file structure.csv (CSV, C-alpha atoms and all ligand atoms)
chain,number,residue,atom,x,y,z
A,1,MET,CA,3.2,32.4,2.2
A,2,THR,CA,3.2,32.8,6.0
A,3,ASP,CA,5.4,30.7,8.2
A,4,LEU,CA,2.2,28.8,9.3
A,5,GLU,CA,1.1,28.2,5.7
A,6,SER,CA,4.5,26.8,4.8
A,7,PHE,CA,4.5,24.6,7.9
A,8,ALA,CA,1.0,23.4,6.9
A,9,ASP,CA,2.4,22.5,3.5
A,10,ARG,CA,5.3,20.6,4.9
A,11,LEU,CA,2.9,18.8,7.2
A,12,LYS,CA,1.2,17.2,4.2
A,13,THR,CA,4.4,15.5,3.2
A,14,LEU,CA,5.4,14.7,6.7
A,15,THR,CA,2.2,12.9,7.6
A,16,ASN,CA,1.2,11.7,4.2
A,17,GLY,CA,-2.0,13.8,4.4
A,18,ARG,CA,-3.0,12.5,7.8
A,19,ALA,CA,-3.0,15.9,9.6
A,20,SER,CA,-5.7,18.6,9.6
A,21,THR,CA,-4.8,22.2,8.9
A,22,PRO,CA,-3.0,23.5,12.0
A,23,ARG,CA,-4.5,26.5,13.9
A,24,VAL,CA,-2.6,28.8,16.2
A,25,ARG,CA,-4.3,30.7,19.0
A,26,GLY,CA,-2.6,32.3,22.0
A,27,GLY,CA,0.7,30.7,21.1
A,28,VAL,CA,-0.9,27.2,21.0
A,29,MET,CA,-0.9,25.2,17.8
A,30,THR,CA,-3.7,22.6,17.6
A,31,LEU,CA,-4.2,20.0,14.9
A,32,ALA,CA,-5.8,16.6,14.4
A,33,LEU,CA,-3.8,13.6,13.3
A,34,ASP,CA,-5.4,10.5,11.9
A,35,VAL,CA,-3.4,7.6,13.2
A,36,ALA,CA,-5.6,4.7,12.0
A,37,GLY,CA,-3.5,1.7,11.1
A,38,LEU,CA,-0.2,3.1,12.3
A,39,ASP,CA,1.8,1.2,14.9
A,40,SER,CA,2.8,3.0,18.1
A,41,GLU,CA,6.4,3.6,17.0
A,42,LYS,CA,5.4,5.3,13.8
A,43,ARG,CA,2.7,7.3,15.6
A,44,ASP,CA,5.1,8.6,18.1
A,45,ALA,CA,7.7,9.4,15.5
A,46,ILE,CA,5.2,11.4,13.4
A,47,ALA,CA,3.9,13.2,16.5
A,48,ALA,CA,7.5,14.1,17.6
A,49,ALA,CA,8.3,15.5,14.1
A,50,ILE,CA,5.1,17.6,14.1
A,51,ARG,CA,5.9,19.0,17.5
A,52,GLU,CA,9.4,19.9,16.5
A,53,GLY,CA,8.2,21.5,13.3
A,54,GLY,CA,5.3,23.3,15.0
A,55,LEU,CA,7.5,24.8,17.7
A,56,SER,CA,9.8,26.2,15.0
A,57,VAL,CA,6.9,28.4,13.7
A,58,PRO,CA,7.4,31.9,15.1
A,59,GLY,CA,5.0,32.6,18.0
A,60,VAL,CA,4.2,29.0,18.8
A,61,GLN,CA,5.0,27.9,22.3
A,62,ASP,CA,3.0,24.7,22.5
A,63,VAL,CA,1.8,22.1,20.0
A,64,ARG,CA,-1.3,20.0,20.8
A,65,ILE,CA,-2.1,17.0,18.7
A,66,ALA,CA,-5.5,15.3,18.8
A,67,MET,CA,-4.9,11.7,17.6
A,68,THR,CA,-7.9,10.2,16.0
A,69,ALA,CA,-8.1,6.5,15.2
A,70,GLU,CA,-11.3,5.2,13.9
A,71,ARG,CA,-10.7,1.5,14.2
A,72,LYS,CA,-12.7,-0.1,11.5
A,73,GLY,CA,-11.6,-3.7,12.2
A,74,LEU,CA,-9.4,-5.7,10.0
A,75,ARG,CA,-9.1,-4.4,6.5
A,76,ILE,CA,-8.2,-6.9,3.7
A,77,ILE,CA,-6.3,-6.2,0.5
A,78,VAL,CA,-6.1,-9.0,-1.9
A,79,VAL,CA,-3.2,-9.5,-4.3
A,80,ALA,CA,-4.5,-11.3,-7.4
A,81,SER,CA,-3.5,-12.4,-10.8
A,82,GLY,CA,-5.3,-14.1,-13.7
A,83,LYS,CA,-2.7,-16.9,-13.8
A,84,GLY,CA,0.2,-18.4,-11.8
A,85,GLY,CA,3.8,-17.7,-12.0
A,86,VAL,CA,3.6,-13.9,-12.5
A,87,GLY,CA,5.1,-13.0,-9.1
A,88,LYS,CA,1.9,-12.6,-7.1
A,89,SER,CA,3.4,-14.3,-4.0
A,90,THR,CA,6.6,-12.4,-4.3
A,91,LEU,CA,4.7,-9.1,-4.5
A,92,SER,CA,2.4,-10.0,-1.6
A,93,ALA,CA,5.3,-10.8,0.8
A,94,ASN,CA,7.3,-7.7,-0.2
A,95,LEU,CA,4.3,-5.4,-0.1
A,96,ALA,CA,3.3,-6.6,3.4
A,97,ILE,CA,6.9,-6.0,4.6
A,98,ALA,CA,7.2,-2.6,2.9
A,99,LEU,CA,3.8,-1.5,4.4
A,100,LYS,CA,5.0,-2.7,7.8
A,101,ARG,CA,8.2,-0.6,7.4
A,102,LEU,CA,6.0,2.4,6.6
A,103,GLY,CA,4.5,1.9,10.1
A,104,LEU,CA,1.3,0.0,9.5
A,105,SER,CA,0.3,-3.1,11.5
A,106,VAL,CA,0.2,-5.7,8.8
A,107,GLY,CA,-0.5,-9.5,8.6
A,108,LEU,CA,-0.1,-11.8,5.6
A,109,VAL,CA,-2.3,-14.7,4.5
A,110,ASP,CA,-1.2,-17.2,1.9
A,111,ALA,CA,-4.4,-18.4,0.3
A,112,ASP,CA,-2.6,-19.8,-2.8
A,113,ILE,CA,-3.9,-23.4,-2.6
A,114,TYR,CA,-2.0,-24.3,-5.8
A,115,GLY,CA,1.4,-23.4,-4.5
A,116,PRO,CA,1.6,-21.9,-1.0
A,117,SER,CA,5.0,-20.4,-0.9
A,118,GLN,CA,4.8,-17.7,1.8
A,119,ALA,CA,6.3,-19.7,4.6
A,120,LYS,CA,9.5,-20.0,2.6
A,121,LEU,CA,9.4,-16.4,1.3
A,122,MET,CA,8.9,-15.1,4.9
A,123,ALA,CA,11.5,-17.5,6.5
A,124,SER,CA,8.9,-19.1,8.8
A,125,GLU,CA,8.8,-22.6,7.4
A,126,ASP,CA,9.7,-24.2,10.7
A,127,GLN,CA,6.8,-22.7,12.6
A,128,LYS,CA,3.4,-24.3,13.2
A,129,PRO,CA,0.4,-22.2,14.2
A,130,GLN,CA,-1.3,-22.9,17.6
A,131,ALA,CA,-5.0,-22.6,18.1
A,132,ARG,CA,-7.0,-20.9,20.9
A,133,GLU,CA,-10.7,-21.4,21.2
A,134,LYS,CA,-10.9,-22.9,17.7
A,135,LYS,CA,-9.1,-19.9,16.3
A,136,LEU,CA,-5.7,-20.1,14.7
A,137,ILE,CA,-2.9,-18.0,16.1
A,138,PRO,CA,-0.7,-16.6,13.3
A,139,VAL,CA,3.0,-17.4,13.3
A,140,ALA,CA,5.7,-14.7,13.6
A,141,SER,CA,8.1,-13.9,10.8
A,142,PRO,CA,11.5,-12.2,11.2
A,143,PHE,CA,10.0,-9.1,9.4
A,144,GLY,CA,7.4,-8.1,12.0
A,145,VAL,CA,4.6,-9.4,9.8
A,146,PRO,CA,2.6,-12.3,11.4
A,147,MET,CA,1.3,-14.8,8.9
A,148,LEU,CA,-0.7,-17.9,8.1
A,149,SER,CA,-0.5,-20.1,5.1
A,150,MET,CA,-2.4,-22.9,3.5
A,151,ALA,CA,0.9,-24.8,3.9
A,152,HIS,CA,0.3,-24.5,7.6
A,153,LEU,CA,-2.9,-26.5,7.4
A,154,VAL,CA,-2.0,-29.1,4.8
A,155,GLU,CA,1.0,-31.0,3.6
A,156,PRO,CA,2.8,-29.6,0.6
A,157,GLY,CA,1.2,-30.7,-2.6
A,158,LYS,CA,-2.0,-31.9,-1.0
A,159,ALA,CA,-4.1,-28.7,-1.0
A,160,LEU,CA,-4.3,-29.0,-4.8
A,161,ALA,CA,-6.8,-31.8,-4.4
A,162,TRP,CA,-9.2,-29.5,-2.5
A,163,ARG,CA,-12.2,-28.2,-4.3
A,164,GLY,CA,-14.6,-25.3,-3.7
A,165,PRO,CA,-16.1,-25.5,-0.2
A,166,MET,CA,-13.1,-27.2,1.4
A,167,ALA,CA,-10.6,-24.7,0.1
A,168,GLY,CA,-13.1,-21.9,1.0
A,169,ASN,CA,-13.4,-23.1,4.6
A,170,ALA,CA,-9.7,-23.4,5.0
A,171,LEU,CA,-9.2,-19.9,3.7
A,172,SER,CA,-11.8,-18.5,6.1
A,173,GLN,CA,-9.9,-20.2,9.0
A,174,LEU,CA,-6.8,-18.3,7.9
A,175,ILE,CA,-8.6,-14.9,7.6
A,176,ASP,CA,-10.7,-15.3,10.8
A,177,ALA,CA,-7.7,-16.1,12.9
A,178,GLU,CA,-6.6,-14.4,16.1
A,179,TRP,CA,-4.8,-11.4,14.4
A,180,GLY,CA,-4.4,-9.3,17.5
A,181,ASP,CA,-3.7,-5.7,16.7
A,182,VAL,CA,-3.1,-6.3,13.0
A,183,GLU,CA,-5.3,-3.8,11.0
A,184,LEU,CA,-4.4,-4.7,7.5
A,185,LEU,CA,-4.3,-8.2,6.0
A,186,ILE,CA,-2.5,-8.8,2.7
A,187,VAL,CA,-4.0,-11.9,1.1
A,188,ASP,CA,-2.1,-13.7,-1.5
A,189,MET,CA,-5.0,-15.1,-3.6
A,190,PRO,CA,-5.0,-18.3,-5.6
A,191,PRO,CA,-4.3,-17.4,-9.2
A,192,GLY,CA,-7.3,-17.4,-11.5
A,193,THR,CA,-10.9,-16.4,-11.2
A,194,GLY,CA,-12.9,-19.5,-10.1
A,195,ASP,CA,-15.3,-20.3,-7.3
A,196,VAL,CA,-12.8,-20.2,-4.5
A,197,GLN,CA,-11.8,-16.6,-5.4
A,198,LEU,CA,-15.4,-15.5,-5.9
A,199,SER,CA,-16.6,-16.9,-2.6
A,200,MET,CA,-13.6,-15.5,-0.7
A,201,VAL,CA,-14.3,-12.1,-2.1
A,202,GLN,CA,-18.1,-12.3,-1.3
A,203,LYS,CA,-17.5,-13.6,2.2
A,204,HIS,CA,-14.6,-11.5,3.4
A,205,LYS,CA,-15.2,-8.2,1.5
A,206,PRO,CA,-11.7,-6.9,0.8
A,207,VAL,CA,-11.4,-3.1,0.8
A,208,GLY,CA,-9.3,-3.3,-2.4
A,209,ALA,CA,-7.4,-5.5,-4.9
A,210,VAL,CA,-3.9,-5.2,-6.3
A,211,ILE,CA,-3.6,-7.0,-9.7
A,212,VAL,CA,-0.2,-8.4,-10.8
A,213,SER,CA,0.7,-9.1,-14.4
A,214,THR,CA,3.8,-9.6,-16.5
A,215,PRO,CA,4.2,-7.5,-19.6
A,216,GLN,CA,3.3,-10.2,-22.0
A,217,ASP,CA,-0.1,-9.8,-23.7
A,218,LEU,CA,-1.3,-13.2,-22.7
A,219,ALA,CA,-0.7,-12.5,-19.0
A,220,LEU,CA,-2.4,-9.2,-19.4
A,221,ILE,CA,-5.5,-10.8,-20.9
A,222,ASP,CA,-5.5,-13.1,-17.8
A,223,ALA,CA,-5.1,-10.0,-15.6
A,224,MET,CA,-8.1,-8.4,-17.2
A,225,ARG,CA,-10.2,-11.5,-16.2
A,226,ALA,CA,-9.1,-10.9,-12.6
A,227,VAL,CA,-10.1,-7.2,-12.9
A,228,SER,CA,-13.5,-8.2,-14.1
A,229,LEU,CA,-14.0,-10.6,-11.1
A,230,PHE,CA,-13.5,-7.6,-8.8
A,231,GLU,CA,-15.6,-5.3,-10.8
A,232,GLN,CA,-18.5,-7.7,-10.7
A,233,THR,CA,-18.2,-8.0,-6.9
A,234,GLN,CA,-17.7,-4.3,-6.3
A,235,VAL,CA,-14.2,-4.6,-4.9
A,236,PRO,CA,-12.3,-1.4,-5.8
A,237,ILE,CA,-9.1,-2.1,-7.8
A,238,ILE,CA,-6.2,-0.3,-6.1
A,239,GLY,CA,-4.2,-0.7,-9.3
A,240,LEU,CA,-2.0,-2.8,-11.5
A,241,VAL,CA,1.6,-3.9,-10.9
A,242,GLU,CA,3.8,-4.9,-13.7
A,243,ASN,CA,6.2,-7.6,-12.6
A,244,MET,CA,9.2,-9.0,-14.5
A,245,ALA,CA,9.2,-5.8,-16.5
A,246,GLY,CA,12.6,-5.7,-18.3
A,247,TYR,CA,15.6,-7.8,-17.4
A,248,SER,CA,18.0,-6.3,-15.0
A,249,CYS,CA,21.5,-7.6,-15.9
A,250,PRO,CA,23.2,-8.9,-12.7
A,251,HIS,CA,26.6,-7.8,-14.0
A,252,CYS,CA,26.1,-4.3,-15.3
A,253,GLY,CA,22.6,-3.5,-14.0
A,254,GLU,CA,21.4,-2.5,-17.5
A,255,VAL,CA,17.7,-3.2,-18.0
A,256,SER,CA,16.7,-4.8,-21.3
A,257,ASP,CA,13.1,-5.7,-22.3
A,258,PRO,CA,12.9,-9.3,-23.6
A,259,PHE,CA,9.0,-9.2,-23.4
A,260,GLY,CA,8.5,-5.6,-24.3
A,261,THR,CA,7.6,-3.0,-21.7
A,262,GLY,CA,4.8,-0.6,-20.9
A,263,GLY,CA,2.1,-3.0,-21.8
A,264,ALA,CA,0.6,-3.2,-18.3
A,265,GLU,CA,0.8,0.5,-17.9
A,266,ALA,CA,-1.0,1.1,-21.2
A,267,ALA,CA,-3.6,-1.5,-20.3
A,268,ALA,CA,-4.1,0.1,-16.9
A,269,ALA,CA,-4.6,3.5,-18.5
A,270,ALA,CA,-7.0,2.1,-21.1
A,271,MET,CA,-9.1,0.7,-18.3
A,272,GLY,CA,-9.0,3.8,-16.2
A,273,MET,CA,-7.1,1.9,-13.5
A,274,PRO,CA,-4.2,3.3,-11.5
A,275,PHE,CA,-0.7,1.9,-12.4
A,276,LEU,CA,1.1,1.1,-9.2
A,277,GLY,CA,4.6,0.5,-10.6
A,278,ARG,CA,6.9,-2.0,-12.2
A,279,ILE,CA,9.4,-4.5,-10.8
A,280,PRO,CA,12.2,-5.7,-13.1
A,281,LEU,CA,13.0,-9.3,-13.7
A,282,ALA,CA,16.1,-9.7,-11.6
A,283,ILE,CA,18.0,-12.8,-10.6
A,284,ASP,CA,18.6,-11.3,-7.1
A,285,ILE,CA,14.8,-11.0,-6.5
A,286,ARG,CA,14.4,-14.7,-7.2
A,287,ARG,CA,17.5,-15.7,-5.3
A,288,GLN,CA,16.6,-13.6,-2.2
A,289,SER,CA,13.0,-14.8,-2.3
A,290,ASP,CA,14.1,-18.4,-2.4
A,291,ALA,CA,16.4,-17.8,0.6
A,292,GLY,CA,13.7,-16.2,2.8
A,293,ASP,CA,15.4,-12.8,2.5
A,294,PRO,CA,12.7,-10.6,0.8
A,295,PRO,CA,14.3,-7.5,-0.9
A,296,ALA,CA,11.8,-5.2,0.8
A,297,ALA,CA,13.1,-6.1,4.2
A,298,ALA,CA,16.4,-4.2,3.6
A,299,ASP,CA,17.6,-1.3,1.6
A,300,GLY,CA,19.2,-3.1,-1.3
A,301,PRO,CA,18.8,-2.2,-5.0
A,302,HIS,CA,15.4,-3.8,-5.5
A,303,ALA,CA,13.7,-2.6,-2.3
A,304,GLU,CA,12.8,0.8,-3.9
A,305,HIS,CA,10.4,-0.8,-6.3
A,306,PHE,CA,8.4,-2.4,-3.5
A,307,VAL,CA,8.6,0.8,-1.4
A,308,ALA,CA,7.2,2.9,-4.2
A,309,ILE,CA,4.3,0.5,-4.7
A,310,SER,CA,3.6,0.3,-1.0
A,311,LYS,CA,3.5,4.1,-0.7
A,312,ARG,CA,0.9,4.2,-3.4
A,313,VAL,CA,-1.1,1.5,-1.7
A,314,GLU,CA,-0.9,3.4,1.7
A,315,ALA,CA,-2.0,6.6,0.0
A,316,TRP,CA,-5.0,4.8,-1.5
A,317,LEU,CA,-5.9,3.2,1.8
A,318,HIS,CA,-5.7,6.5,3.5
A,319,GLY,CA,-8.0,8.1,1.0
A,320,THR,CA,-10.4,5.2,1.5
A,321,ASN,CA,-10.2,5.5,5.2
A,322,ARG,CA,-11.5,9.0,5.1
A,323,GLN,CA,-14.7,8.2,3.2
B,401,LIG,P1,3.0,-16.5,-8.4
B,401,LIG,O1,2.7,-16.3,-6.9
B,401,LIG,O2,2.3,-15.5,-9.3
B,401,LIG,O3,2.8,-17.9,-8.8
B,401,LIG,P2,5.7,-16.2,-7.6
B,401,LIG,O4,5.8,-15.0,-6.7
B,401,LIG,O5,5.8,-17.6,-6.9
B,401,LIG,O6,4.5,-16.2,-8.6
B,401,LIG,O7,6.9,-16.1,-8.6
B,401,LIG,C1,7.2,-17.2,-9.5
B,401,LIG,C2,8.8,-17.3,-9.6
B,401,LIG,O8,9.3,-16.2,-10.2
B,401,LIG,C3,9.5,-17.5,-8.3
B,401,LIG,O9,10.6,-18.3,-8.4
B,401,LIG,C4,9.9,-16.1,-7.9
B,401,LIG,O10,11.1,-16.1,-7.1
B,401,LIG,C5,10.2,-15.6,-9.3
B,401,LIG,N1,10.1,-14.1,-9.4
B,401,LIG,C6,9.0,-13.4,-9.1
B,401,LIG,N2,9.2,-12.1,-9.4
B,401,LIG,C7,10.4,-12.0,-9.9
B,401,LIG,C8,11.2,-10.9,-10.4
B,401,LIG,N3,10.8,-9.7,-10.4
B,401,LIG,N4,12.5,-11.2,-10.8
B,401,LIG,C9,12.9,-12.5,-10.8
B,401,LIG,N5,12.3,-13.5,-10.3
B,401,LIG,C10,11.0,-13.3,-9.9

call {"tool": "encode", "arguments": {"input": "structure.csv", "output": "structure tokens", "more": "lines below"}}
Ligand code: ADP
result
Amino acid sequence: MTDLESFADRLKTLTNGRASTPRVRGGVMTLALDVAGLDSEKRDAIAAAIREGGLSVPGVQDVRIAMTAERKGLRIIVVASGKGGVGKSTLSANLAIALKRLGLSVGLVDADIYGPSQAKLMASEDQKPQAREKKLIPVASPFGVPMLSMAHLVEPGKALAWRGPMAGNALSQLIDAEWGDVELLIVDMPPGTGDVQLSMVQKHKPVGAVIVSTPQDLALIDAMRAVSLFEQTQVPIIGLVENMAGYSCPHCGEVSDPFGTGGAEAAAAAMGMPFLGRIPLAIDIRRQSDAGDPPAAADGPHAEHFVAISKRVEAWLHGTNRQ
């Protein structure tokens, strides 16, 4: 392998497949870098690393990077489950934060009319969104992820009384808000597969769906219902996440499996669907979530699960972006 070939190889890992094959002519290396969805900090960091690596290839005196960013507007990823209580909101918040930490410009919408919990999870309970020209302005969170929640529009407990069109309109207000330079919206969907979910998907055309399930068979059957909703509406399934998979002992860290394990992975495989990863049932995840301190925001023991899932989602997005 020549020095240039081995650099091209390293480039794939360094840029997560975003760079074209580098060419060298007259001591000048040229390559294209797809920066779609990256924030400026991440873009500059990747460009600096490419320059440094490129200049270390013998014979290269200059590195020129053509940055391409086809802005395709706001892309939406929905996080869905067939039923409540499986950790859909916990995953949505942590996925949004982990994707932000990977350098994407991410926003979060809490569409869970039955139990909007994102304001608490994202430590932004005390904020109220303003409006400009009839559009809502998302509130900031301490994690660099702006957000809007059903809880911002209605008092706790009241949204449950909403039916069909009312809930649908409120959800559209959250999605059609003034998102600024946000390019990726993570939408924490209401659990289940009813009219609200169906009309949201038809109206806002998410680019993909992440399905959350626990390992129990019953939850998995529900998850399969969610899968079929997206299949019917031609929304690609990014993959399945197994939450509360194995109990992580807070004292010794040992993981035991009160509900069995591997069910979701097997179900994903049987349906030809990617498996995005598993998150253990851990008291710290609940405790931190309740305290508005999501594990993905720091480098503690449970962050890695969310980071791994977010990398798979990013890779999927990137593949989609190229189509
Ligand atoms: P959903 O959005 O599906 O209704 P939530 O994300 O609100 O579910 O989670 C339900 C409860 O379970 C919350 O109290 C949350 O903190 C807790 N929880 C979620 N995932 C985990 C986990 N992996 N370990 C421990 N507790 C969890």

call {"tool": "residues_near_ligand", "arguments": {"input": "structure.csv", "ligand": "ligand LIG 401 (chain B)", "cutoff": "7 Å", "atoms": "all atoms listed in the file", "output": "PyMOL selection string"}}
result
chain A and resi 81+83-91+117+191+243-244+279-287+289-290

call {"tool": "atom_distance", "arguments": {"input": "structure.csv", "atom1": "CA of Ile76 (chain A)", "atom2": "CA of Leu185 (chain A)"}}
result
4.7 Å

call {"tool": "closest_residue", "arguments": {"input": "structure.csv", "among": "A:Arg75, A:Lys42, A:Lys120, A:Arg10", "to": "Pro142 (chain A)", "atoms": "only C-alpha atoms"}}
result
A:Lys120

call {"tool": "atom_distance", "arguments": {"input": "structure.csv", "atom1": "CA of Pro138 (chain A)", "atom2": "CA of Val307 (chain A)"}}
result
24.6 Å

call {"tool": "residues_around", "arguments": {"input": "structure.csv", "residues": "Gly246 (chain A)", "least_positions_apart": "4", "cutoff": "12 Å", "atoms": "all atoms listed in the file", "output": "PyMOL selection string"}}
result
chain A and resi 214-216+242+253-263+278-283

call {"tool": "closest_residue", "arguments": {"input": "structure.csv", "among": "A:Val57, A:Ala47, A:Met147, A:Val63", "to": "Met29 (chain A)", "atoms": "all atoms listed in the file"}}
result
A:Val63

call {"tool": "closest_residue", "arguments": {"input": "structure.csv", "among": "A:Thr233, A:Thr13, A:Gln127, A:Ser213", "to": "Ala264 (chain A)", "atoms": "only C-alpha atoms"}}
result
A:Ser213

call {"tool": "decode", "arguments": {"input": "structure.csv", "residues": "region 219-277 of chain A", "atoms": "C-alpha atoms", "output": "PDB file, in the first residue's frame"}}
result
ATOM      1  CA  ALA A 219     -43.229  -5.148  24.279  1.00  0.00           C
ATOM      2  CA  LEU A 220     -41.684  -6.605  21.158  1.00  0.00           C
ATOM      3  CA  ILE A 221     -45.078  -7.430  19.694  1.00  0.00           C
ATOM      4  CA  ASP A 222     -45.996  -3.789  20.277  1.00  0.00           C
ATOM      5  CA  ALA A 223     -42.750  -2.686  18.659  1.00  0.00           C
ATOM      6  CA  MET A 224     -43.633  -4.723  15.590  1.00  0.00           C
ATOM      7  CA  ARG A 225     -46.871  -2.752  15.299  1.00  0.00           C
ATOM      8  CA  ALA A 226     -44.846   0.446  15.244  1.00  0.00           C
ATOM      9  CA  VAL A 227     -42.617  -1.070  12.581  1.00  0.00           C
ATOM     10  CA  SER A 228     -45.597  -1.841  10.385  1.00  0.00           C
ATOM     11  CA  LEU A 229     -46.920   1.731  10.725  1.00  0.00           C
ATOM     12  CA  PHE A 230     -43.664   2.997   9.240  1.00  0.00           C
ATOM     13  CA  GLU A 231     -43.570   0.326   6.584  1.00  0.00           C
ATOM     14  CA  GLN A 232     -47.069   1.265   5.441  1.00  0.00           C
ATOM     15  CA  THR A 233     -46.087   4.912   5.208  1.00  0.00           C
ATOM     16  CA  GLN A 234     -42.756   4.204   3.486  1.00  0.00           C
ATOM     17  CA  VAL A 235     -40.644   5.647   6.277  1.00  0.00           C
ATOM     18  CA  PRO A 236     -37.333   3.750   6.417  1.00  0.00           C
ATOM     19  CA  ILE A 237     -36.618   2.011   9.716  1.00  0.00           C
ATOM     20  CA  ILE A 238     -33.142   3.010  10.877  1.00  0.00           C
ATOM     21  CA  GLY A 239     -33.168   0.181  13.372  1.00  0.00           C
ATOM     22  CA  LEU A 240     -34.271  -1.219  16.688  1.00  0.00           C
ATOM     23  CA  VAL A 241     -32.903  -0.306  20.134  1.00  0.00           C
ATOM     24  CA  GLU A 242     -33.321  -2.707  23.026  1.00  0.00           C
ATOM     25  CA  ASN A 243     -33.744  -0.771  26.264  1.00  0.00           C
ATOM     26  CA  MET A 244     -33.708  -2.130  29.820  1.00  0.00           C
ATOM     27  CA  ALA A 245     -31.736  -5.072  28.496  1.00  0.00           C
ATOM     28  CA  GLY A 246     -30.255  -6.793  31.534  1.00  0.00           C
ATOM     29  CA  TYR A 247     -30.051  -5.269  34.996  1.00  0.00           C
ATOM     30  CA  SER A 248     -26.808  -3.532  35.811  1.00  0.00           C
ATOM     31  CA  CYS A 249     -26.136  -3.953  39.557  1.00  0.00           C
ATOM     32  CA  PRO A 250     -25.352  -0.533  41.057  1.00  0.00           C
ATOM     33  CA  HIS A 251     -22.935  -2.143  43.555  1.00  0.00           C
ATOM     34  CA  CYS A 252     -20.837  -4.540  41.526  1.00  0.00           C
ATOM     35  CA  GLY A 253     -21.738  -3.540  37.947  1.00  0.00           C
ATOM     36  CA  GLU A 254     -22.605  -7.129  37.050  1.00  0.00           C
ATOM     37  CA  VAL A 255     -25.387  -7.384  34.471  1.00  0.00           C
ATOM     38  CA  SER A 256     -28.136  -9.960  35.026  1.00  0.00           C
ATOM     39  CA  ASP A 257     -31.101 -10.606  32.732  1.00  0.00           C
ATOM     40  CA  PRO A 258     -34.417 -10.644  34.620  1.00  0.00           C
ATOM     41  CA  PHE A 259     -36.417 -10.391  31.365  1.00  0.00           C
ATOM     42  CA  GLY A 260     -34.129 -12.456  29.179  1.00  0.00           C
ATOM     43  CA  THR A 261     -31.865 -10.917  26.612  1.00  0.00           C
ATOM     44  CA  GLY A 262     -31.303 -10.851  22.875  1.00  0.00           C
ATOM     45  CA  GLY A 263     -35.036 -10.950  22.051  1.00  0.00           C
ATOM     46  CA  ALA A 264     -34.988  -7.592  20.309  1.00  0.00           C
ATOM     47  CA  GLU A 265     -31.835  -8.373  18.380  1.00  0.00           C
ATOM     48  CA  ALA A 266     -33.304 -11.668  17.212  1.00  0.00           C
ATOM     49  CA  ALA A 267     -36.567  -9.956  16.273  1.00  0.00           C
ATOM     50  CA  ALA A 268     -34.672  -7.286  14.342  1.00  0.00           C
ATOM     51  CA  ALA A 269     -32.713  -9.950  12.489  1.00  0.00           C
ATOM     52  CA  ALA A 270     -35.868 -11.911  11.702  1.00  0.00           C
ATOM     53  CA  MET A 271     -37.401  -8.788  10.163  1.00  0.00           C
ATOM     54  CA  GLY A 272     -34.253  -7.867   8.269  1.00  0.00           C
ATOM     55  CA  MET A 273     -33.949  -4.692  10.306  1.00  0.00           C
ATOM     56  CA  PRO A 274     -30.681  -3.261  11.668  1.00  0.00           C
ATOM     57  CA  PHE A 275     -30.090  -3.631  15.410  1.00  0.00           C
ATOM     58  CA  LEU A 276     -28.780  -0.355  16.807  1.00  0.00           C
ATOM     59  CA  GLY A 277     -27.746  -1.498  20.268  1.00  0.00           C
TER      60      GLY A 277
END
